[in-house]
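Engineer: What follows is entry_1.cif, made up of mmCIF, C-alpha atoms:
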```
data_input
loop_
_atom_site.label_atom_id
_atom_site.label_comp_id
_atom_site.auth_asym_id
_atom_site.auth_seq_id
_atom_site.Cartn_x
_atom_site.Cartn_y
_atom_site.Cartn_z
CA MET A 1 -5.18 -48.67 11.60
CA LYS A 2 -5.03 -46.08 14.41
CA ILE A 3 -4.06 -42.73 12.94
CA ASP A 4 -3.58 -39.23 14.30
CA SER A 5 -6.70 -37.55 12.92
CA SER A 6 -5.15 -34.09 13.39
CA ILE A 7 -3.05 -34.62 10.23
CA PHE A 8 -6.22 -34.34 8.11
CA LYS A 9 -6.46 -30.61 7.49
CA ALA A 10 -9.04 -28.62 5.54
CA TYR A 11 -7.07 -28.81 2.28
CA ASP A 12 -4.46 -31.55 2.66
CA ILE A 13 -2.77 -34.07 4.96
CA ARG A 14 0.06 -32.58 7.01
CA GLY A 15 1.96 -33.28 10.21
CA ILE A 16 5.29 -33.75 11.98
CA TYR A 17 7.37 -36.64 10.61
CA PRO A 18 7.56 -39.35 11.90
CA ASP A 19 5.52 -38.63 15.07
CA GLN A 20 2.20 -37.81 13.39
CA LEU A 21 2.76 -38.99 9.84
CA ASP A 22 5.04 -41.79 8.61
CA GLU A 23 5.61 -44.45 5.93
CA GLU A 24 2.69 -46.58 7.13
CA VAL A 25 0.33 -43.64 6.64
CA ALA A 26 1.83 -43.05 3.18
CA TYR A 27 1.46 -46.72 2.22
CA LYS A 28 -2.21 -46.85 3.30
CA LEU A 29 -2.85 -43.47 1.64
CA GLY A 30 -1.62 -44.86 -1.69
CA LYS A 31 -4.08 -47.74 -1.45
CA ALA A 32 -6.92 -45.50 -0.26
CA LEU A 33 -6.58 -42.97 -3.09
CA VAL A 34 -6.59 -45.70 -5.75
CA ALA A 35 -9.73 -47.17 -4.16
CA PHE A 36 -11.43 -43.78 -3.79
CA LEU A 37 -10.76 -42.66 -7.37
CA GLY A 38 -10.93 -46.06 -9.04
CA ALA A 39 -7.62 -44.92 -10.50
CA GLU A 40 -5.46 -46.71 -13.05
CA VAL A 41 -2.68 -44.10 -13.20
CA LEU A 42 -1.60 -41.67 -10.45
CA VAL A 43 1.10 -38.99 -10.62
CA ILE A 44 3.48 -38.57 -7.67
CA GLY A 45 5.73 -35.56 -7.18
CA ARG A 46 7.77 -34.69 -4.12
CA ASP A 47 9.62 -31.78 -2.58
CA MET A 48 13.11 -31.73 -1.05
CA ARG A 49 12.18 -32.49 2.56
CA LEU A 50 14.39 -35.09 4.21
CA SER A 51 11.53 -37.58 4.60
CA SER A 52 10.06 -37.15 1.09
CA ASP A 53 12.01 -39.98 -0.57
CA SER A 54 11.05 -42.63 2.00
CA LEU A 55 7.42 -41.43 1.98
CA PHE A 56 7.48 -41.68 -1.82
CA ASP A 57 8.69 -45.30 -1.64
CA ALA A 58 5.90 -46.26 0.78
CA LEU A 59 3.23 -44.31 -1.11
CA SER A 60 4.11 -45.77 -4.51
CA LYS A 61 4.22 -49.29 -2.99
CA GLY A 62 0.64 -48.82 -1.75
CA ILE A 63 -0.52 -47.53 -5.14
CA ILE A 64 0.99 -50.30 -7.25
CA GLU A 65 -0.17 -53.02 -4.81
CA GLN A 66 -3.68 -51.64 -5.26
CA GLY A 67 -3.36 -52.19 -9.02
CA ALA A 68 -2.58 -48.70 -10.37
CA ASP A 69 0.51 -47.39 -12.13
CA VAL A 70 2.64 -44.59 -10.69
CA VAL A 71 3.95 -41.78 -12.88
CA ASP A 72 6.99 -40.64 -10.87
CA ILE A 73 7.85 -37.04 -11.80
CA GLY A 74 10.58 -36.84 -9.14
CA LEU A 75 11.59 -33.70 -7.25
CA THR A 76 9.20 -31.03 -8.42
CA SER A 77 7.14 -27.95 -7.60
CA SER A 78 3.37 -27.99 -7.05
CA PRO A 79 2.67 -26.06 -10.31
CA ILE A 80 4.61 -28.70 -12.31
CA PHE A 81 2.79 -31.44 -10.39
CA ASN A 82 -0.62 -29.87 -11.15
CA PHE A 83 0.33 -29.53 -14.82
CA SER A 84 1.33 -33.20 -14.89
CA VAL A 85 -2.03 -34.31 -13.47
CA ALA A 86 -4.23 -31.97 -15.52
CA GLU A 87 -2.56 -31.89 -18.93
CA TYR A 88 -2.70 -35.64 -19.66
CA GLU A 89 -6.09 -37.33 -19.91
CA HIS A 90 -4.83 -40.76 -18.85
CA HIS A 91 -3.66 -39.40 -15.47
CA ASP A 92 -6.49 -40.04 -13.01
CA GLY A 93 -5.14 -37.91 -10.19
CA GLY A 94 -2.07 -37.63 -8.04
CA ILE A 95 -0.27 -36.88 -4.80
CA MET A 96 2.28 -34.17 -4.15
CA ILE A 97 4.47 -34.99 -1.15
CA THR A 98 5.07 -31.63 0.53
CA ALA A 99 4.42 -29.57 3.64
CA SER A 100 4.61 -26.34 1.62
CA HIS A 101 5.96 -23.49 3.80
CA ASN A 102 5.98 -25.42 7.10
CA PRO A 103 9.22 -25.89 9.10
CA LYS A 104 11.60 -28.76 8.30
CA GLU A 105 10.13 -31.30 10.76
CA TYR A 106 6.83 -31.38 8.81
CA ASN A 107 5.77 -33.28 5.73
CA GLY A 108 2.45 -34.01 4.07
CA PHE A 109 0.38 -34.83 1.00
CA LYS A 110 -1.67 -32.71 -1.38
CA LEU A 111 -4.21 -34.92 -3.16
CA SER A 112 -5.68 -34.30 -6.61
CA ASP A 113 -8.44 -35.85 -8.66
CA PHE A 114 -8.59 -35.88 -12.46
CA GLN A 115 -7.71 -32.47 -14.01
CA ALA A 116 -6.00 -31.37 -10.77
CA VAL A 117 -9.28 -30.92 -8.85
CA PRO A 118 -8.18 -30.78 -5.17
CA ILE A 119 -9.28 -33.50 -2.79
CA SER A 120 -10.03 -31.71 0.47
CA SER A 121 -12.43 -31.63 3.40
CA ILE A 122 -15.13 -30.32 1.05
CA TYR A 123 -14.55 -33.15 -1.44
CA GLY A 124 -13.15 -36.59 -0.82
CA LEU A 125 -10.71 -36.24 2.07
CA PRO A 126 -13.07 -37.55 4.80
CA ARG A 127 -13.72 -40.63 2.63
CA VAL A 128 -9.98 -41.16 2.03
CA GLN A 129 -9.38 -40.88 5.79
CA LYS A 130 -12.08 -43.51 6.46
CA LEU A 131 -10.53 -45.89 3.90
CA ILE A 132 -7.10 -45.49 5.54
CA GLU A 133 -8.50 -46.13 9.02
CA GLU A 134 -10.51 -49.18 7.92
CA GLY A 135 -7.54 -50.60 5.97
CA LYS A 136 -9.72 -53.09 4.04
CA PHE A 137 -8.07 -53.33 0.62
CA VAL A 138 -8.44 -56.13 -1.92
CA LYS A 139 -5.18 -57.53 -3.34
CA LYS A 140 -4.84 -56.72 -7.05
CA LYS A 141 -2.42 -57.34 -9.89
CA GLU A 142 0.44 -54.94 -9.25
CA GLY A 143 0.97 -51.80 -11.29
CA VAL A 144 4.33 -50.35 -12.29
CA VAL A 145 6.33 -47.18 -11.59
CA ILE A 146 7.15 -45.06 -14.66
CA GLU A 147 9.68 -42.23 -14.31
CA THR A 148 8.71 -39.21 -16.41
CA TYR A 149 10.33 -35.82 -17.07
CA MET A 150 7.75 -33.02 -16.98
CA LEU A 151 9.77 -29.80 -16.81
CA ARG A 152 10.07 -29.15 -20.55
CA PRO A 153 6.36 -29.56 -21.42
CA TYR A 154 5.49 -27.45 -18.35
CA LEU A 155 7.81 -24.65 -19.51
CA ASP A 156 6.31 -24.81 -23.02
CA LYS A 157 2.85 -24.44 -21.51
CA VAL A 158 3.66 -21.51 -19.20
CA LEU A 159 5.86 -19.58 -21.63
CA GLY A 160 3.23 -20.11 -24.32
CA MET A 161 0.80 -18.09 -22.17
CA VAL A 162 2.85 -14.86 -22.43
CA ASP A 163 4.62 -12.95 -25.19
CA ARG A 164 8.13 -13.57 -23.95
CA ASN A 165 9.72 -11.42 -26.66
CA LYS A 166 8.19 -8.40 -24.92
CA ILE A 167 9.71 -9.30 -21.56
CA LYS A 168 13.17 -7.73 -21.52
CA ASN A 169 15.85 -5.69 -19.78
CA LEU A 170 14.88 -6.58 -16.23
CA LYS A 171 17.04 -7.55 -13.27
CA VAL A 172 15.21 -9.77 -10.76
CA VAL A 173 16.31 -11.23 -7.42
CA ILE A 174 14.56 -14.52 -6.60
CA ASP A 175 14.74 -16.29 -3.25
CA CYS A 176 13.62 -19.91 -3.51
CA GLY A 177 14.14 -20.54 0.21
CA ASN A 178 15.92 -23.84 -0.66
CA GLY A 179 12.56 -25.09 -1.96
CA MET A 180 11.35 -26.36 -5.32
CA GLY A 181 10.96 -23.05 -7.19
CA GLY A 182 14.57 -23.33 -8.30
CA ILE A 183 13.64 -26.08 -10.76
CA SER A 184 11.66 -23.94 -13.20
CA ILE A 185 13.05 -20.42 -12.69
CA PRO A 186 16.52 -20.77 -14.35
CA PRO A 187 15.20 -22.33 -17.60
CA ILE A 188 12.46 -19.67 -17.74
CA PHE A 189 15.09 -16.91 -17.58
CA ARG A 190 17.19 -18.64 -20.24
CA ARG A 191 14.25 -18.21 -22.61
CA LEU A 192 13.76 -14.49 -21.84
CA LYS A 193 15.45 -11.56 -23.60
CA ASP A 194 18.20 -9.68 -21.74
CA CYS A 195 16.78 -10.44 -18.30
CA GLU A 196 19.18 -10.99 -15.41
CA LEU A 197 18.40 -13.49 -12.66
CA ILE A 198 20.08 -13.07 -9.27
CA LYS A 199 19.69 -16.27 -7.28
CA LEU A 200 19.19 -16.65 -3.55
CA TYR A 201 19.00 -20.13 -2.00
CA PHE A 202 18.19 -22.11 -5.14
CA GLU A 203 19.74 -25.36 -3.89
CA PRO A 204 16.91 -27.66 -2.71
CA ASP A 205 17.63 -28.43 0.96
CA GLY A 206 15.04 -29.85 3.33
CA THR A 207 16.89 -28.50 6.38
CA PHE A 208 16.09 -24.91 5.22
CA PRO A 209 19.50 -23.60 6.34
CA HIS A 210 18.75 -19.93 5.65
CA HIS A 211 15.12 -19.36 6.58
CA GLU A 212 11.66 -20.93 6.61
CA PRO A 213 10.28 -20.93 3.03
CA ASN A 214 7.33 -18.67 3.78
CA PRO A 215 6.96 -15.46 1.72
CA LEU A 216 4.25 -14.16 4.08
CA LYS A 217 6.63 -13.75 7.02
CA GLU A 218 8.50 -10.43 7.02
CA GLU A 219 11.53 -11.99 8.71
CA THR A 220 12.00 -14.47 5.83
CA LEU A 221 12.31 -11.57 3.35
CA GLU A 222 15.27 -9.77 4.94
CA ASP A 223 17.95 -11.27 2.66
CA LEU A 224 15.78 -10.67 -0.40
CA LYS A 225 15.21 -6.99 0.43
CA LYS A 226 18.92 -6.47 1.09
CA GLU A 227 19.93 -8.11 -2.21
CA VAL A 228 17.39 -6.08 -4.20
CA LEU A 229 18.80 -2.84 -2.78
CA GLU A 230 22.46 -3.84 -3.14
CA THR A 231 22.14 -5.03 -6.74
CA LYS A 232 19.73 -2.23 -7.76
CA ALA A 233 17.33 -4.87 -9.07
CA ASP A 234 13.94 -4.03 -10.59
CA PHE A 235 12.17 -6.15 -7.96
CA GLY A 236 12.48 -9.25 -5.82
CA VAL A 237 10.48 -12.44 -5.45
CA ALA A 238 10.18 -15.04 -2.67
CA LEU A 239 8.70 -18.50 -3.21
CA ASP A 240 7.42 -21.01 -0.67
CA GLY A 241 8.69 -24.57 -0.24
CA ASP A 242 6.67 -26.21 -3.02
CA GLY A 243 6.77 -23.18 -5.32
CA ASP A 244 3.06 -22.38 -5.59
CA ARG A 245 3.01 -19.15 -3.55
CA ILE A 246 4.88 -16.06 -4.67
CA GLY A 247 5.62 -12.87 -2.74
CA PHE A 248 6.97 -9.62 -4.21
CA VAL A 249 9.12 -6.72 -3.01
CA ASP A 250 9.60 -3.61 -5.14
CA GLU A 251 12.91 -1.97 -6.13
CA LYS A 252 12.96 -0.12 -2.77
CA GLY A 253 12.64 -3.39 -0.83
CA GLU A 254 9.02 -2.67 0.14
CA VAL A 255 6.72 -5.68 0.43
CA ILE A 256 3.78 -5.71 -1.99
CA PRO A 257 0.77 -7.48 -0.39
CA GLY A 258 -0.82 -10.34 -2.32
CA ASP A 259 -4.09 -8.48 -2.86
CA LEU A 260 -2.33 -5.64 -4.70
CA ILE A 261 -0.64 -8.20 -6.96
CA THR A 262 -4.15 -9.62 -7.61
CA ALA A 263 -5.26 -6.13 -8.70
CA LEU A 264 -2.24 -5.65 -11.02
CA VAL A 265 -2.57 -9.05 -12.72
CA ALA A 266 -6.38 -8.79 -12.97
CA LYS A 267 -6.12 -5.43 -14.77
CA GLU A 268 -3.57 -6.92 -17.18
CA LEU A 269 -5.69 -9.98 -17.98
CA LEU A 270 -8.86 -7.92 -18.41
CA LYS A 271 -7.24 -5.91 -21.23
CA GLN A 272 -7.57 -8.99 -23.45
CA ASN A 273 -10.61 -10.42 -21.66
CA PRO A 274 -13.07 -7.59 -20.91
CA GLY A 275 -16.18 -8.50 -18.93
CA GLU A 276 -14.66 -11.64 -17.39
CA LYS A 277 -15.05 -12.66 -13.74
CA ILE A 278 -12.23 -12.27 -11.21
CA ILE A 279 -12.26 -13.79 -7.71
CA TYR A 280 -10.58 -12.14 -4.73
CA ASP A 281 -10.71 -13.42 -1.16
CA LEU A 282 -12.69 -11.47 1.42
CA ARG A 283 -9.57 -10.34 3.31
CA SER A 284 -8.48 -8.29 0.28
CA SER A 285 -8.42 -4.50 0.15
CA TRP A 286 -11.33 -2.50 -1.29
CA VAL A 287 -8.78 -1.59 -3.97
CA VAL A 288 -9.08 -5.00 -5.64
CA LYS A 289 -12.83 -4.73 -6.31
CA GLU A 290 -12.44 -1.11 -7.44
CA GLU A 291 -9.61 -1.91 -9.87
CA ILE A 292 -11.42 -4.93 -11.35
CA GLU A 293 -14.52 -2.81 -11.99
CA LYS A 294 -12.46 0.03 -13.48
CA ALA A 295 -10.82 -2.48 -15.85
CA GLY A 296 -14.24 -3.74 -17.02
CA GLY A 297 -14.24 -6.99 -15.08
CA VAL A 298 -16.78 -8.61 -12.75
CA PRO A 299 -15.41 -8.89 -9.19
CA ILE A 300 -16.46 -11.86 -7.04
CA MET A 301 -15.59 -11.84 -3.34
CA TRP A 302 -15.09 -15.38 -2.04
CA LYS A 303 -13.97 -17.52 0.88
CA VAL A 304 -10.34 -18.12 1.83
CA GLY A 305 -8.68 -21.40 0.81
CA HIS A 306 -7.42 -22.92 -2.41
CA ALA A 307 -9.94 -25.79 -2.60
CA LEU A 308 -12.88 -23.39 -2.12
CA ILE A 309 -11.55 -20.92 -4.68
CA LYS A 310 -10.76 -23.59 -7.30
CA LYS A 311 -14.28 -25.02 -6.91
CA LYS A 312 -15.88 -21.58 -7.33
CA MET A 313 -13.66 -20.80 -10.33
CA ARG A 314 -14.78 -23.95 -12.11
CA GLU A 315 -18.45 -23.38 -11.29
CA GLU A 316 -18.41 -19.81 -12.66
CA ASN A 317 -15.69 -20.21 -15.32
CA VAL A 318 -13.64 -17.47 -13.64
CA LEU A 319 -10.65 -16.02 -15.53
CA PHE A 320 -8.33 -15.37 -12.59
CA ALA A 321 -8.30 -15.45 -8.80
CA GLY A 322 -5.95 -14.13 -6.14
CA GLU A 323 -5.64 -14.51 -2.39
CA LEU A 324 -4.03 -12.26 0.19
CA SER A 325 -1.86 -15.30 0.99
CA SER A 326 -0.12 -14.94 -2.41
CA HIS A 327 -1.86 -17.86 -4.12
CA PHE A 328 -2.84 -16.92 -7.69
CA TYR A 329 -5.02 -19.06 -9.98
CA PHE A 330 -5.57 -19.01 -13.75
CA ARG A 331 -8.42 -20.50 -15.76
CA ASP A 332 -5.99 -21.17 -18.60
CA PHE A 333 -3.78 -23.10 -16.19
CA TYR A 334 -6.45 -25.63 -15.18
CA PHE A 335 -7.97 -23.31 -12.52
CA VAL A 336 -4.94 -23.85 -10.25
CA GLU A 337 -1.94 -21.85 -8.94
CA CYS A 338 1.03 -20.97 -11.10
CA ALA A 339 3.62 -18.74 -9.41
CA ASP A 340 5.84 -18.80 -12.52
CA LEU A 341 3.02 -17.36 -14.61
CA VAL A 342 2.39 -14.56 -12.08
CA LEU A 343 6.10 -13.70 -12.23
CA LEU A 344 5.99 -13.54 -16.04
CA LYS A 345 2.83 -11.38 -16.00
CA ILE A 346 4.44 -8.85 -13.62
CA MET A 347 7.61 -8.84 -15.74
CA GLY A 348 5.48 -8.21 -18.83
CA ILE A 349 3.76 -5.23 -17.20
CA LEU A 350 7.10 -3.72 -16.11
CA SER A 351 8.68 -4.22 -19.56
CA ARG A 352 5.80 -2.41 -21.24
CA GLU A 353 5.20 0.39 -18.74
CA LYS A 354 8.88 1.19 -18.21
CA LYS A 355 8.10 2.40 -14.70
CA PRO A 356 9.45 1.14 -11.36
CA LEU A 357 7.23 -1.42 -9.64
CA SER A 358 6.79 0.95 -6.69
CA LYS A 359 5.24 3.53 -9.04
CA LEU A 360 2.84 0.98 -10.53
CA VAL A 361 1.73 -0.07 -7.04
CA GLU A 362 1.61 3.43 -5.51
CA PRO A 363 -1.94 4.27 -6.73
CA LEU A 364 -3.14 0.98 -5.18
CA ARG A 365 -1.86 1.87 -1.69
CA ARG A 366 -4.76 4.21 -1.04
CA TYR A 367 -6.16 2.57 2.09
CA TYR A 368 -4.62 1.48 5.40
CA VAL A 369 -4.59 -2.16 6.48
CA SER A 370 -3.96 -3.92 9.78
CA GLY A 371 -2.46 -7.08 8.34
CA GLU A 372 -3.74 -10.41 9.66
CA ILE A 373 -3.75 -10.53 13.48
CA ASN A 374 -4.36 -13.78 15.36
CA SER A 375 -6.00 -14.04 18.79
CA ASP A 376 -6.46 -17.14 20.94
CA VAL A 377 -10.20 -17.53 21.55
CA GLU A 378 -11.90 -20.54 23.14
CA ASP A 379 -15.46 -20.05 21.83
CA LYS A 380 -14.89 -18.65 18.34
CA LYS A 381 -18.54 -18.80 17.27
CA ALA A 382 -19.80 -16.90 20.31
CA LYS A 383 -17.15 -14.22 19.89
CA MET A 384 -18.06 -13.64 16.23
CA LYS A 385 -21.76 -13.33 17.18
CA GLU A 386 -20.78 -10.83 19.85
CA LEU A 387 -18.89 -8.76 17.26
CA ALA A 388 -21.86 -8.81 14.87
CA LYS A 389 -24.12 -7.59 17.67
CA LYS A 390 -21.73 -4.84 18.73
CA TYR A 391 -21.45 -3.49 15.15
CA LYS A 392 -25.09 -4.05 14.13
CA ASP A 393 -25.33 -0.43 12.89
CA ALA A 394 -22.86 -1.23 10.06
CA LYS A 395 -23.76 -0.59 6.43
CA LYS A 396 -23.36 -4.33 5.80
CA ILE A 397 -22.79 -7.50 7.87
CA PHE A 398 -22.30 -10.89 6.20
CA TRP A 399 -21.15 -14.39 7.07
CA LEU A 400 -19.42 -15.63 3.90
CA ASP A 401 -16.33 -16.78 5.82
CA GLY A 402 -16.42 -15.80 9.47
CA VAL A 403 -18.08 -12.44 10.10
CA SER A 404 -17.50 -9.38 7.90
CA VAL A 405 -18.59 -5.91 8.99
CA GLU A 406 -18.52 -2.97 6.59
CA TYR A 407 -18.92 0.76 7.21
CA LYS A 408 -18.48 3.52 4.61
CA ASP A 409 -14.93 4.33 5.74
CA TRP A 410 -13.69 1.07 7.33
CA TRP A 411 -14.35 -2.67 7.42
CA PHE A 412 -13.14 -5.82 9.13
CA ASN A 413 -13.36 -9.58 8.77
CA VAL A 414 -12.88 -12.05 11.62
CA ARG A 415 -12.44 -15.69 10.58
CA PRO A 416 -11.90 -18.82 12.65
CA SER A 417 -8.80 -20.95 12.08
CA GLN A 418 -9.68 -24.42 10.76
CA THR A 419 -7.14 -26.16 13.00
CA GLU A 420 -6.47 -23.99 16.08
CA SER A 421 -8.42 -21.99 18.68
CA LEU A 422 -7.60 -18.78 16.83
CA LEU A 423 -9.63 -15.94 15.39
CA ARG A 424 -7.96 -14.03 12.53
CA LEU A 425 -8.66 -10.31 12.15
CA ASN A 426 -8.16 -8.27 8.96
CA LEU A 427 -9.19 -4.62 9.04
CA GLU A 428 -8.93 -1.72 6.60
CA ALA A 429 -9.79 2.00 6.80
CA LYS A 430 -9.58 5.14 4.68
CA THR A 431 -7.15 6.86 7.10
CA LYS A 432 -4.27 5.51 9.16
CA LYS A 433 -5.68 7.07 12.34
CA LEU A 434 -9.06 5.37 11.86
CA MET A 435 -7.42 2.04 11.04
CA GLU A 436 -5.30 2.10 14.24
CA GLU A 437 -8.25 3.21 16.34
CA LYS A 438 -10.63 0.55 15.02
CA LYS A 439 -8.00 -2.18 15.07
CA ASP A 440 -7.39 -1.57 18.79
CA GLU A 441 -11.14 -1.40 19.44
CA VAL A 442 -11.97 -4.68 17.66
CA LEU A 443 -8.93 -6.49 19.06
CA LYS A 444 -9.81 -5.46 22.60
CA MET A 445 -13.27 -6.92 22.15
CA ILE A 446 -11.93 -10.16 20.64
CA ARG A 447 -9.47 -10.63 23.48
CA GLU A 448 -11.75 -9.73 26.41
#
```
Here is the file; what I need is its structure written in the form of structure tokens.
Structural biologist:
Amino acid sequence: MKIDSSIFKAYDIRGIYPDQLDEEVAYKLGKALVAFLGAEVLVIGRDMRLSSDSLFDALSKGIIEQGADVVDIGLTSSPIFNFSVAEYEHHDGGIMITASHNPKEYNGFKLSDFQAVPISSIYGLPRVQKLIEEGKFVKKKEGVVIETYMLRPYLDKVLGMVDRNKIKNLKVVIDCGNGMGGISIPPIFRRLKDCELIKLYFEPDGTFPHHEPNPLKEETLEDLKKEVLETKADFGVALDGDGDRIGFVDEKGEVIPGDLITALVAKELLKQNPGEKIIYDLRSSWVVKEEIEKAGGVPIMWKVGHALIKKKMREENVLFAGELSSHFYFRDFYFVECADLVLLKIMGILSREKKPLSKLVEPLRRYYVSGEINSDVEDKKAKMKELAKKYKDAKKIFWLDGVSVEYKDWWFNVRPSQTESLLRLNLEAKTKKLMEEKKDEVLKMIRE
């Protein structure tokens, strides 16, 4: 079968429907994953995108024709999907039909092995691609499709990981961006004490009538900020399309970057788990490492990307990990993301401290950051080598993920995009003036 190889990304399969990715791809993918895993039972969840139902039908047909059973958990979020794969020993893996935060014309597949281990370019995905392209599958006795309801056991799991009686008297605005986060949020709030939920765009709608479901884009947060200010809420939250990324704004409508949320949650977890390891991605502020050490934890800087972080977490038995991109991972939640749990942890901190979120974050805003800046560069490798040469007098230069250069009062990381001819710059400095100066200097060199 001829297939558009560009749909095979570093961490999943994703493309424009039906031009790059269609029901035939889904059907062959179902067969290929059963063959790759030797699976008997696979879980399938799906988001609200307009093509998700027909892709589900084709995918499940491929799986059952290859001899495995399908556990259909219906419309769901990625955290509920991961729970469904990992919690039950007889589930051999699964597929979540989603394109996450991408615009409405996209769809895709996130693949998982047993215990929700991601199948990605570093494990399994090239082999799955080869099986799809070869299309040589042996006819087997057909499996069956079993519809299963997973929300209640998921809620029991997540709410059992916090002391919900101590979470109280908070007013929270949540923008689900017409994605899947709206499934778990209302029942979570029904189980909390005197907490008010103000809903924005909870109705699942694959046309995304209000805005793209991407909490990293400032423009998608405008309605959330406005609602937080108008309702005098304690804070606001934005979720992405499949509900595994979570962004925060404080009571003043100010965005809180993902790395500062990593620092807050890490400090909280380390109170009960002193000496444990915490992973942060190498784009994160110096603050994260400093706060982990102050709280008695062991900071581990690591590469960007959920599959890489989950692998490292398992290898080192890491307690918690956070990315600048607002993905947060918990050892006690199968080493995978759980946005609902991050929300509950932040609510727990606010309930106890009785301080506004802006005040809790204020001490963490002690450095100045550029934000991630993309530049179109043809020869990405050569440009990164050029940067390393130019800044060879730095205190430290390393190549963990792209090139990182560190001086005593500023640092930067330049990473290549996995899928485009882009270099991504993140830079931080101890003063605003130095940050602006160095940002312009490095950018000029990248773009020459």
Engineer: Give as an MDAnalysis selection string every residue, naming chains and numbers as the document does, that has an atom within 8 Å of (10.6, -34.5, -2.7), counting only C-alpha atoms.
Structural biologist: chainID A and resid 45:53 56 74:76 97:98
Engineer: When you count only C-alpha atoms, which of these residues is closest to Gly322 in chain A: A:Phe335, A:Tyr280, A:Trp302, A:Tyr201?
Structural biologist: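 For Gly322 in chain A, the nearest of the given residues is A:Tyr280.
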Engineer: I'd like the residues picked by the PyMOL selection byres ((chain A and resi 403-411) around 8) written out as a list in words, using the chain letters and numbers from the file.
Structural biologist: Met384, Ala388, Tyr391, Ala394, Lys395, Lys396, Ile397, Phe398, Trp399, Leu400, Asp401, Gly402, Phe412, Asn413, Val414, Arg415, Leu427, Glu428, Ala429, Lys430, Leu434 and Met435 of chain A
Engineer: Give me a file of those residues, with C-alpha atoms, as a compact mmCIF listing (two decimals), keeping the file's coordinate frame.
Structural biologist:
```
# COMPACT_ATOMS: atom_id res chain seq x y z
CA MET A 384 -18.06 -13.64 16.23
CA ALA A 388 -21.86 -8.81 14.87
CA TYR A 391 -21.45 -3.49 15.15
CA ALA A 394 -22.86 -1.23 10.06
CA LYS A 395 -23.76 -0.59 6.43
CA LYS A 396 -23.36 -4.33 5.80
CA ILE A 397 -22.79 -7.50 7.87
CA PHE A 398 -22.30 -10.89 6.20
CA TRP A 399 -21.15 -14.39 7.07
CA LEU A 400 -19.42 -15.63 3.90
CA ASP A 401 -16.33 -16.78 5.82
CA GLY A 402 -16.42 -15.80 9.47
CA PHE A 412 -13.14 -5.82 9.13
CA ASN A 413 -13.36 -9.58 8.77
CA VAL A 414 -12.88 -12.05 11.62
CA ARG A 415 -12.44 -15.69 10.58
CA LEU A 427 -9.19 -4.62 9.04
CA GLU A 428 -8.93 -1.72 6.60
CA ALA A 429 -9.79 2.00 6.80
CA LYS A 430 -9.58 5.14 4.68
CA LEU A 434 -9.06 5.37 11.86
CA MET A 435 -7.42 2.04 11.04
```
Engineer: Neighbours of Glu133 in chain A within 12 Å (all atoms listed in the file; same-chain residues fewer than 6 positions away dropped), as an mmCIF file with C-alpha atoms, in the frame of the given file?
Structural biologist:
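As written to disk, result.cif reads:
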```cif
data_model
loop_
_atom_site.group_PDB
_atom_site.id
_atom_site.type_symbol
_atom_site.label_atom_id
_atom_site.label_comp_id
_atom_site.auth_asym_id
_atom_site.auth_seq_id
_atom_site.Cartn_x
_atom_site.Cartn_y
_atom_site.Cartn_z
ATOM 1 C CA MET A 1 -5.180 -48.670 11.600
ATOM 2 C CA LYS A 2 -5.030 -46.080 14.410
ATOM 3 C CA ILE A 3 -4.060 -42.730 12.940
ATOM 4 C CA ASP A 4 -3.580 -39.230 14.300
ATOM 5 C CA SER A 5 -6.700 -37.550 12.920
ATOM 6 C CA GLU A 24 2.690 -46.580 7.130
ATOM 7 C CA VAL A 25 0.330 -43.640 6.640
ATOM 8 C CA LYS A 28 -2.210 -46.850 3.300
ATOM 9 C CA LEU A 29 -2.850 -43.470 1.640
ATOM 10 C CA LYS A 31 -4.080 -47.740 -1.450
ATOM 11 C CA ALA A 32 -6.920 -45.500 -0.260
ATOM 12 C CA PRO A 126 -13.070 -37.550 4.800
ATOM 13 C CA ARG A 127 -13.720 -40.630 2.630
#
```
Engineer: Could you tell me how far CA of Val41 in chain A lies from CA of Pro153 in chain A, in Å and to one decimal?
Structural biologist: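 These two atoms are separated by 19.0 Å.
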Engineer: Using Å and a single decimal, report how far CA of Asp205 in chain A sits from CA of Ala58 in chain A.
Structural biologist: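 A separation of 21.3 Å between them.
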Engineer: Please identify all polymer residues within 7 Å of range 351-355 of chain A, counting only C-alpha atoms, omitting same-chain residues fewer than 2 positions from it, and present them as a list in words.
Structural biologist: Lys166, Ile167, Lys168, Met347, Gly348, Ile349, Leu357, Lys359 and Leu360 of chain A
Engineer: Box in all listed atoms of range 357-370 of chain A, axis-aligned, with 6 Å more on each side; write out centre and edge lengths in Å to one decimal as AutoDock Vina command-line options.
Structural biologist:
```
--center_x 0.5 --center_y 0.2 --center_z -0.4 --size_x 25.4 --size_y 20.2 --size_z 32.3
```
Engineer: Counting all atoms listed in the file, which residue out of A:Ala382, A:Gln66, A:Glu420, A:Val172 sits closest to Ile446 in chain A?
Structural biologist: A:Ala382
Engineer: Please identify all polymer residues within 8 Å of Ile373 in chain A, counting all atoms listed in the file, omitting same-chain residues fewer than 5 positions from it, and present them as a list of chain:residue names.
Structural biologist: A:Arg424, A:Leu425, A:Asn426
Engineer: Distance CA of Leu343 in chain A-CA of Ile261 in chain A, one decimal place?
Structural biologist: 10.2 Å
Engineer: Which residues, written as a list of chain:residue names, have at least one atom at most 7 Å from range 112-123 of chain A, with only C-alpha atoms counted and residues fewer than 3 positions away on the same chain left out?
Structural biologist: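 In the requested form, the answer reads A:Ala10, A:Tyr11, A:Asp12, A:Asn82, A:Val85, A:Ala86, A:His91, A:Asp92, A:Gly93, A:Gly94, A:Ile95, A:Pro126, A:Ala307.
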